[in-house]
Amino acid sequence: MSHASAMVDDAAGSAPVSPQALADALAATGYLADDGLATVAWLAVTMRRPLFLEGEPGTGKTALAEALAQAGDAELIRLQCYEGIDAAQALYDWDFPRQILHLRAVEATRGDRQALDTDEVEGSLYSERFLLARPILQALRTPRAVLLVDEIDRADDEFEAFLLEVLSTGSVTIPELGTVTPASPPLIVLTSNRTREVHDALKRRCLYHWVEHPSLAREVEIIRRRLPRAPTLLAQQVARAVHGMREAGSPSAVMPAALLKPPGVAESLDWVRCLLELGSRELDVETAARTLGAVCKYREDTDRVRDALDRLLAA
Amino acid sequence: MTDPETLLAGFALAVRSAGVPVTADRTHSFIDAAARVGLGDAEGVYWAGRATLLGDHDHVVAYDRVFRAWFGGESPTRRAPAARAAAPPGGLGEDAAGGTVQVQDAVTVRAAASAVDVLRHRDIAALTPVERAMLGELFARLRPRAPLRRARRLRPATRGRLDPRRTLREELRQGGEPAGLRYRRRARRPRRVVLLLDVSGSMSSYADELLRLAHVWVRRLPGTEVFTVGTRLTRVTRALRALDAEQALRGAGEQVPDWSGGTRLGEVLQAFLDRWGQRGTARGAVIVVCSDGWERGDPALLGEQMARLRRLAHRVIWLNPHRGKPGYAPVQAGIIASWPSIDQLVAGHSLAAFADLEEVVANA
């Protein structure tokens, strides 16, 4: 039964035959996925279901979409959500100024001989020529695409309703034109930082995965992959220190109080980049204190980490 | 030997019995996904089920339990996934003596660690039917209005900024002849209201009414969030969405594990801010803290967390049931520590006071 799944009917190209194959393809782009994430992402690709990723900021949700696009040799089309986003900014819009110009041109050229055929003029106004494709429509028209709907939790709940059609049927209906159904539907990845609960109707149409911070060993590996210039020692020290910060507040941790905003993988990478710019080969208390701004984004956090730096680095 | 579909469908049913809202289409996707990863691959089936049957990370604990019971053996996650990820960032603690914050399953965040954590479920059925009907009627008369904020979006209006698109569209309608000018201006949208209800022992005589109040607010103002605080943080918004007040209260009463327990406001507030507030629930919101301010924990921590709350929220309103009584002075340690971060202190001992609160919130 398991190998029946290897049959792949992806018109756009060859989909990976197993979760491991997908993990390998992702690793080749520099993204290291654990087994759970690889399995769920592979299911999303083979079942053609949207993938809904939730997790702490900085755990690599957006990076996964980028890696999936790169691994599948597809174009990444990104829709950043924000409060107040509506269909005209996400799906499609009509180019009003050009429609006006067109109308004027029709008027000017018809001469005085015949009356204007209203139906015909209207029809010509709402045609492909005047349609502005916003990210979602653009993704449907691109033969191979990964559509990233980033930070869906920032959009209003009404906006979720606009996504339901494209998530369940992979098509978009434009009242004036009809339904746009792509030959090969894009892979849709939605991310959420869980600042609010997304409606069940949307989640039901997706495969759901909670993305966690990577383990220590994996994080070292991620730093080494992303920044090959970084010495192994530096990568290990940074990963260990960042892990200490994330564990802050638990009884066995070296830091007694939890941080307001524990650093993510993005912060680890930033920190290593800073240290490389400064020419550090390893992390000592003094350079760490000077570069803390790359990891801690709150004054309270900076103070707490600075006080515990020697213990964090020694651990 | 049962056929695989029955086995998988049975598993989905068992997950649903464990309290996870599994719908038929989710079950269908699960069977499809499990077939694709292969039934021989336990880890694959585990992840297929997690991705298809669950829609919320809070359900992972229940899912893991059912998976173990159904398929035997360990769930393939190396470390307990829920305990780690559902924790407030970095704040995971196991021991009950250390005063640390720990996350339990579902929406109950344990901030306990008091020596005696009174775990009692609330019995709301104790009210006589007459009392119930009367209270329900009184509360039904409350009409909370949402505080408003300026939205980013522009709405058509009779004056304001010029709206080129609508002006052009009007022109188009007139066959290209210049028509009247159209305008637009910023719309107004409701601000979120967050109620934090103290359900500790000292507040027990008011907790019931506060929950009723919360129910009215949740029903009337969608988007309102309600948490109970005491020794634990519990999100009761979902239970309070029920149409019937009694059903809503019963649901909330069943969820709250620390009814009439102690008060560790500082820690619970920290748990709230870590898990919900900072991520958006408290941002720009009007926060109503309903408590008498008797704090058993460290008042300094409470002061610090209140300051943090104040920085995130639009307004912080403290509702104190004792405020409206003669001879009240804000001398409780918790109130003193929070004083600099409170925008307004209001009474909350009667229905009239609740009506006053509506005004204060609507104008916030």
# chains A, B, ... in the order shown; residues from 1 in each chain; ligands from 1

$ interface_residues --of "chain B" --to "chain A" --cutoff "7 Å" --atoms "only C-alpha atoms" --output "PyMOL selection string"
chain B and resi 26+33+35-39+44+47-48+51-52+54-55+57+85+89-93+152-153+172+176+274+276+279-281

$ residues_around --residues "region 11-25 of chain B" --least-positions-apart "4" --cutoff "12 Å" --atoms "only C-alpha atoms" --output "NGL selection string"
(:A and (168 or 200-201 or 203-206)) or (:B and (4-7 or 29-32 or 34 or 45-46 or 48-72 or 105-106))

$ residues_around --residues "region 333-342 of chain B" --least-positions-apart "5" --cutoff "10 Å" --atoms "only C-alpha atoms" --output "ChimeraX atom specification"
/B:263-266,287-289,291-311,315-318,320

$ residues_around --residues "Leu177 (chain A)" --least-positions-apart "3" --cutoff "8 Å" --atoms "only C-alpha atoms" --output "list in words"
Tyr126, Ser127, Thr173 and Ile174 of chain A

$ closest_residue --among "B:Gly348, B:Pro144, B:Gly180, B:Pro257" --to "Arg219 (chain B)" --atoms "only C-alpha atoms"
B:Pro144

$ select_by_dssp --residues "region 109-310 of chain B" --states "helix (DSSP H, G or I)" --output "PyMOL selection string"
chain B and resi 124-126+129-140+164-173+201-220+237-240+245-255+265-281+299-310

$ write_last_selection --atoms "C-alpha atoms" --output "PDB file, in the first residue's frame"
ATOM      1  CA  ILE B 124     -23.475  26.452  38.989  1.00  0.00           C
ATOM      2  CA  ALA B 125     -26.506  24.198  39.252  1.00  0.00           C
ATOM      3  CA  ALA B 126     -26.865  25.291  42.868  1.00  0.00           C
ATOM      4  CA  PRO B 129     -34.645  28.191  38.905  1.00  0.00           C
ATOM      5  CA  VAL B 130     -36.318  31.417  40.019  1.00  0.00           C
ATOM      6  CA  GLU B 131     -33.019  33.095  40.818  1.00  0.00           C
ATOM      7  CA  ARG B 132     -31.601  31.873  37.562  1.00  0.00           C
ATOM      8  CA  ALA B 133     -34.425  33.290  35.475  1.00  0.00           C
ATOM      9  CA  MET B 134     -34.249  36.600  37.297  1.00  0.00           C
ATOM     10  CA  LEU B 135     -30.508  36.988  36.887  1.00  0.00           C
ATOM     11  CA  GLY B 136     -30.685  35.999  33.265  1.00  0.00           C
ATOM     12  CA  GLU B 137     -33.288  38.642  32.611  1.00  0.00           C
ATOM     13  CA  LEU B 138     -31.290  41.347  34.332  1.00  0.00           C
ATOM     14  CA  PHE B 139     -28.124  40.519  32.480  1.00  0.00           C
ATOM     15  CA  ALA B 140     -29.971  40.354  29.177  1.00  0.00           C
ATOM     16  CA  PRO B 164     -10.525  58.858  -7.362  1.00  0.00           C
ATOM     17  CA  ARG B 165     -11.785  55.362  -8.039  1.00  0.00           C
ATOM     18  CA  ARG B 166     -15.400  56.013  -7.186  1.00  0.00           C
ATOM     19  CA  THR B 167     -15.251  59.335  -8.985  1.00  0.00           C
ATOM     20  CA  LEU B 168     -13.981  57.575 -12.098  1.00  0.00           C
ATOM     21  CA  ARG B 169     -16.515  54.811 -11.800  1.00  0.00           C
ATOM     22  CA  GLU B 170     -19.290  57.386 -11.569  1.00  0.00           C
ATOM     23  CA  GLU B 171     -17.871  59.037 -14.655  1.00  0.00           C
ATOM     24  CA  LEU B 172     -17.831  55.672 -16.407  1.00  0.00           C
ATOM     25  CA  ARG B 173     -21.477  55.180 -15.512  1.00  0.00           C
ATOM     26  CA  GLY B 201     -11.348  32.542  46.887  1.00  0.00           C
ATOM     27  CA  SER B 202     -11.596  36.178  47.907  1.00  0.00           C
ATOM     28  CA  MET B 203     -13.571  36.948  44.744  1.00  0.00           C
ATOM     29  CA  SER B 204     -15.820  33.882  44.918  1.00  0.00           C
ATOM     30  CA  SER B 205     -19.015  35.779  45.691  1.00  0.00           C
ATOM     31  CA  TYR B 206     -18.570  37.901  42.550  1.00  0.00           C
ATOM     32  CA  ALA B 207     -17.078  35.351  40.145  1.00  0.00           C
ATOM     33  CA  ASP B 208     -20.450  34.040  39.041  1.00  0.00           C
ATOM     34  CA  GLU B 209     -21.774  37.461  38.120  1.00  0.00           C
ATOM     35  CA  LEU B 210     -18.518  38.368  36.415  1.00  0.00           C
ATOM     36  CA  LEU B 211     -18.804  35.281  34.208  1.00  0.00           C
ATOM     37  CA  ARG B 212     -22.379  36.239  33.349  1.00  0.00           C
ATOM     38  CA  LEU B 213     -21.153  39.693  32.473  1.00  0.00           C
ATOM     39  CA  ALA B 214     -18.419  38.140  30.343  1.00  0.00           C
ATOM     40  CA  HIS B 215     -20.995  35.988  28.576  1.00  0.00           C
ATOM     41  CA  VAL B 216     -23.031  39.068  27.630  1.00  0.00           C
ATOM     42  CA  TRP B 217     -19.903  40.785  26.359  1.00  0.00           C
ATOM     43  CA  VAL B 218     -18.763  37.797  24.310  1.00  0.00           C
ATOM     44  CA  ARG B 219     -22.223  37.432  22.769  1.00  0.00           C
ATOM     45  CA  ARG B 220     -22.717  41.108  22.037  1.00  0.00           C
ATOM     46  CA  THR B 237     -13.942  32.476  25.459  1.00  0.00           C
ATOM     47  CA  ARG B 238     -15.008  29.401  23.524  1.00  0.00           C
ATOM     48  CA  ALA B 239     -17.288  28.128  26.278  1.00  0.00           C
ATOM     49  CA  LEU B 240     -18.854  31.556  26.694  1.00  0.00           C
ATOM     50  CA  ALA B 245     -26.205  31.701  29.402  1.00  0.00           C
ATOM     51  CA  GLU B 246     -26.595  28.666  31.663  1.00  0.00           C
ATOM     52  CA  GLN B 247     -24.913  26.390  29.162  1.00  0.00           C
ATOM     53  CA  ALA B 248     -22.096  28.898  28.686  1.00  0.00           C
ATOM     54  CA  LEU B 249     -21.530  29.235  32.410  1.00  0.00           C
ATOM     55  CA  ARG B 250     -21.585  25.495  32.925  1.00  0.00           C
ATOM     56  CA  GLY B 251     -19.043  25.071  30.127  1.00  0.00           C
ATOM     57  CA  ALA B 252     -16.782  27.722  31.579  1.00  0.00           C
ATOM     58  CA  GLY B 253     -17.220  26.340  35.100  1.00  0.00           C
ATOM     59  CA  GLU B 254     -16.091  22.921  33.927  1.00  0.00           C
ATOM     60  CA  GLN B 255     -12.992  24.365  32.292  1.00  0.00           C
ATOM     61  CA  LEU B 265      -1.916  37.429  39.648  1.00  0.00           C
ATOM     62  CA  GLY B 266       1.663  38.322  38.725  1.00  0.00           C
ATOM     63  CA  GLU B 267       2.557  34.875  37.420  1.00  0.00           C
ATOM     64  CA  VAL B 268      -0.754  34.309  35.708  1.00  0.00           C
ATOM     65  CA  LEU B 269      -0.565  37.701  34.052  1.00  0.00           C
ATOM     66  CA  GLN B 270       2.914  36.819  32.840  1.00  0.00           C
ATOM     67  CA  ALA B 271       1.558  33.571  31.408  1.00  0.00           C
ATOM     68  CA  PHE B 272      -1.214  35.530  29.694  1.00  0.00           C
ATOM     69  CA  LEU B 273       1.177  38.041  28.190  1.00  0.00           C
ATOM     70  CA  ASP B 274       3.635  35.382  27.014  1.00  0.00           C
ATOM     71  CA  ARG B 275       1.091  33.070  25.508  1.00  0.00           C
ATOM     72  CA  TRP B 276      -1.541  35.482  24.228  1.00  0.00           C
ATOM     73  CA  GLY B 277      -1.065  39.125  25.024  1.00  0.00           C
ATOM     74  CA  GLN B 278       2.239  39.883  23.388  1.00  0.00           C
ATOM     75  CA  ARG B 279       1.325  37.972  20.240  1.00  0.00           C
ATOM     76  CA  GLY B 280      -1.612  40.222  19.581  1.00  0.00           C
ATOM     77  CA  THR B 281      -4.517  39.579  21.902  1.00  0.00           C
ATOM     78  CA  PRO B 299       3.669  42.242  44.168  1.00  0.00           C
ATOM     79  CA  ALA B 300       6.831  43.399  42.379  1.00  0.00           C
ATOM     80  CA  LEU B 301       6.267  40.801  39.646  1.00  0.00           C
ATOM     81  CA  LEU B 302       2.651  41.907  39.339  1.00  0.00           C
ATOM     82  CA  GLY B 303       3.744  45.535  39.013  1.00  0.00           C
ATOM     83  CA  GLU B 304       6.233  44.598  36.296  1.00  0.00           C
ATOM     84  CA  GLN B 305       3.682  42.561  34.344  1.00  0.00           C
ATOM     85  CA  MET B 306       1.035  45.265  34.664  1.00  0.00           C
ATOM     86  CA  ALA B 307       3.513  47.764  33.235  1.00  0.00           C
ATOM     87  CA  ARG B 308       4.108  45.361  30.351  1.00  0.00           C
ATOM     88  CA  LEU B 309       0.368  45.018  29.838  1.00  0.00           C
ATOM     89  CA  ARG B 310      -0.014  48.793  29.869  1.00  0.00           C
TER      90      ARG B 310
END

$ residues_around --residues "region 280-284 of chain A" --least-positions-apart "4" --cutoff "8 Å" --atoms "only C-alpha atoms" --output "list in words"
Ala230, Pro231, Leu233, Leu234, Gln237, Val238, Leu275, Leu276, Ala288 and Leu313 of chain A

$ write_last_selection --atoms "C-alpha atoms" --output "compact mmCIF listing (two decimals), in the first residue's frame"
# COMPACT_ATOMS: atom_id res chain seq x y z
CA ALA A 230 31.18 30.17 10.25
CA PRO A 231 33.61 27.94 12.16
CA LEU A 233 32.95 26.09 17.24
CA LEU A 234 31.23 29.44 16.76
CA GLN A 237 28.52 28.24 20.93
CA VAL A 238 25.84 30.46 19.42
CA LEU A 275 30.10 37.90 14.80
CA LEU A 276 31.55 36.98 11.41
CA ALA A 288 28.60 38.56 22.96
CA LEU A 313 28.45 30.66 27.46

$ residues_around --residues "Val346 (chain B)" --least-positions-apart "3" --cutoff "10 Å" --atoms "only C-alpha atoms" --output "short mmCIF file (atom, residue, chain, number, x, y, z; two decimals) with C-alpha atoms, in the first residue's frame"
data_model
loop_
_atom_site.label_atom_id
_atom_site.label_comp_id
_atom_site.auth_asym_id
_atom_site.auth_seq_id
_atom_site.Cartn_x
_atom_site.Cartn_y
_atom_site.Cartn_z
CA VAL B 288 -10.52 44.95 31.93
CA CYS B 290 -11.60 42.17 37.40
CA ILE B 317 -9.26 49.28 33.35
CA TRP B 318 -9.33 47.68 36.78
CA LEU B 319 -12.72 46.61 38.04
CA ASN B 320 -12.73 46.15 41.79
CA PRO B 321 -15.91 44.88 43.46
CA HIS B 322 -14.96 46.66 46.68
CA ARG B 323 -14.38 49.99 45.01
CA GLY B 324 -18.03 51.02 45.24
CA ASP B 343 -5.88 54.00 33.52
CA HIS B 349 -20.28 45.14 42.85
CA ALA B 353 -21.76 49.26 38.29
CA PHE B 354 -21.63 46.87 35.34
CA ASP B 356 -21.15 52.07 34.27
CA LEU B 357 -18.36 49.80 33.09
CA VAL B 360 -16.12 53.45 30.50
#

$ residues_around --residues "Thr29 (chain A)" --least-positions-apart "4" --cutoff "9 Å" --atoms "only C-alpha atoms" --output "list in words"
Asp24, Ala25, Ala67, Leu68, Gln70 and Ala71 of chain A

$ select_by_dssp --residues "region 107-354 of chain B" --states "strand (DSSP E or B)" --output "ChimeraX atom specification"
/B:108-110,120,148-157,161-162,183-190,193-198,225-229,232-235,258,286-290,315-320,344-347

$ atom_distance --atom1 "CA of Asp310 (chain A)" --atom2 "CA of Arg218 (chain A)"
23.8 Å
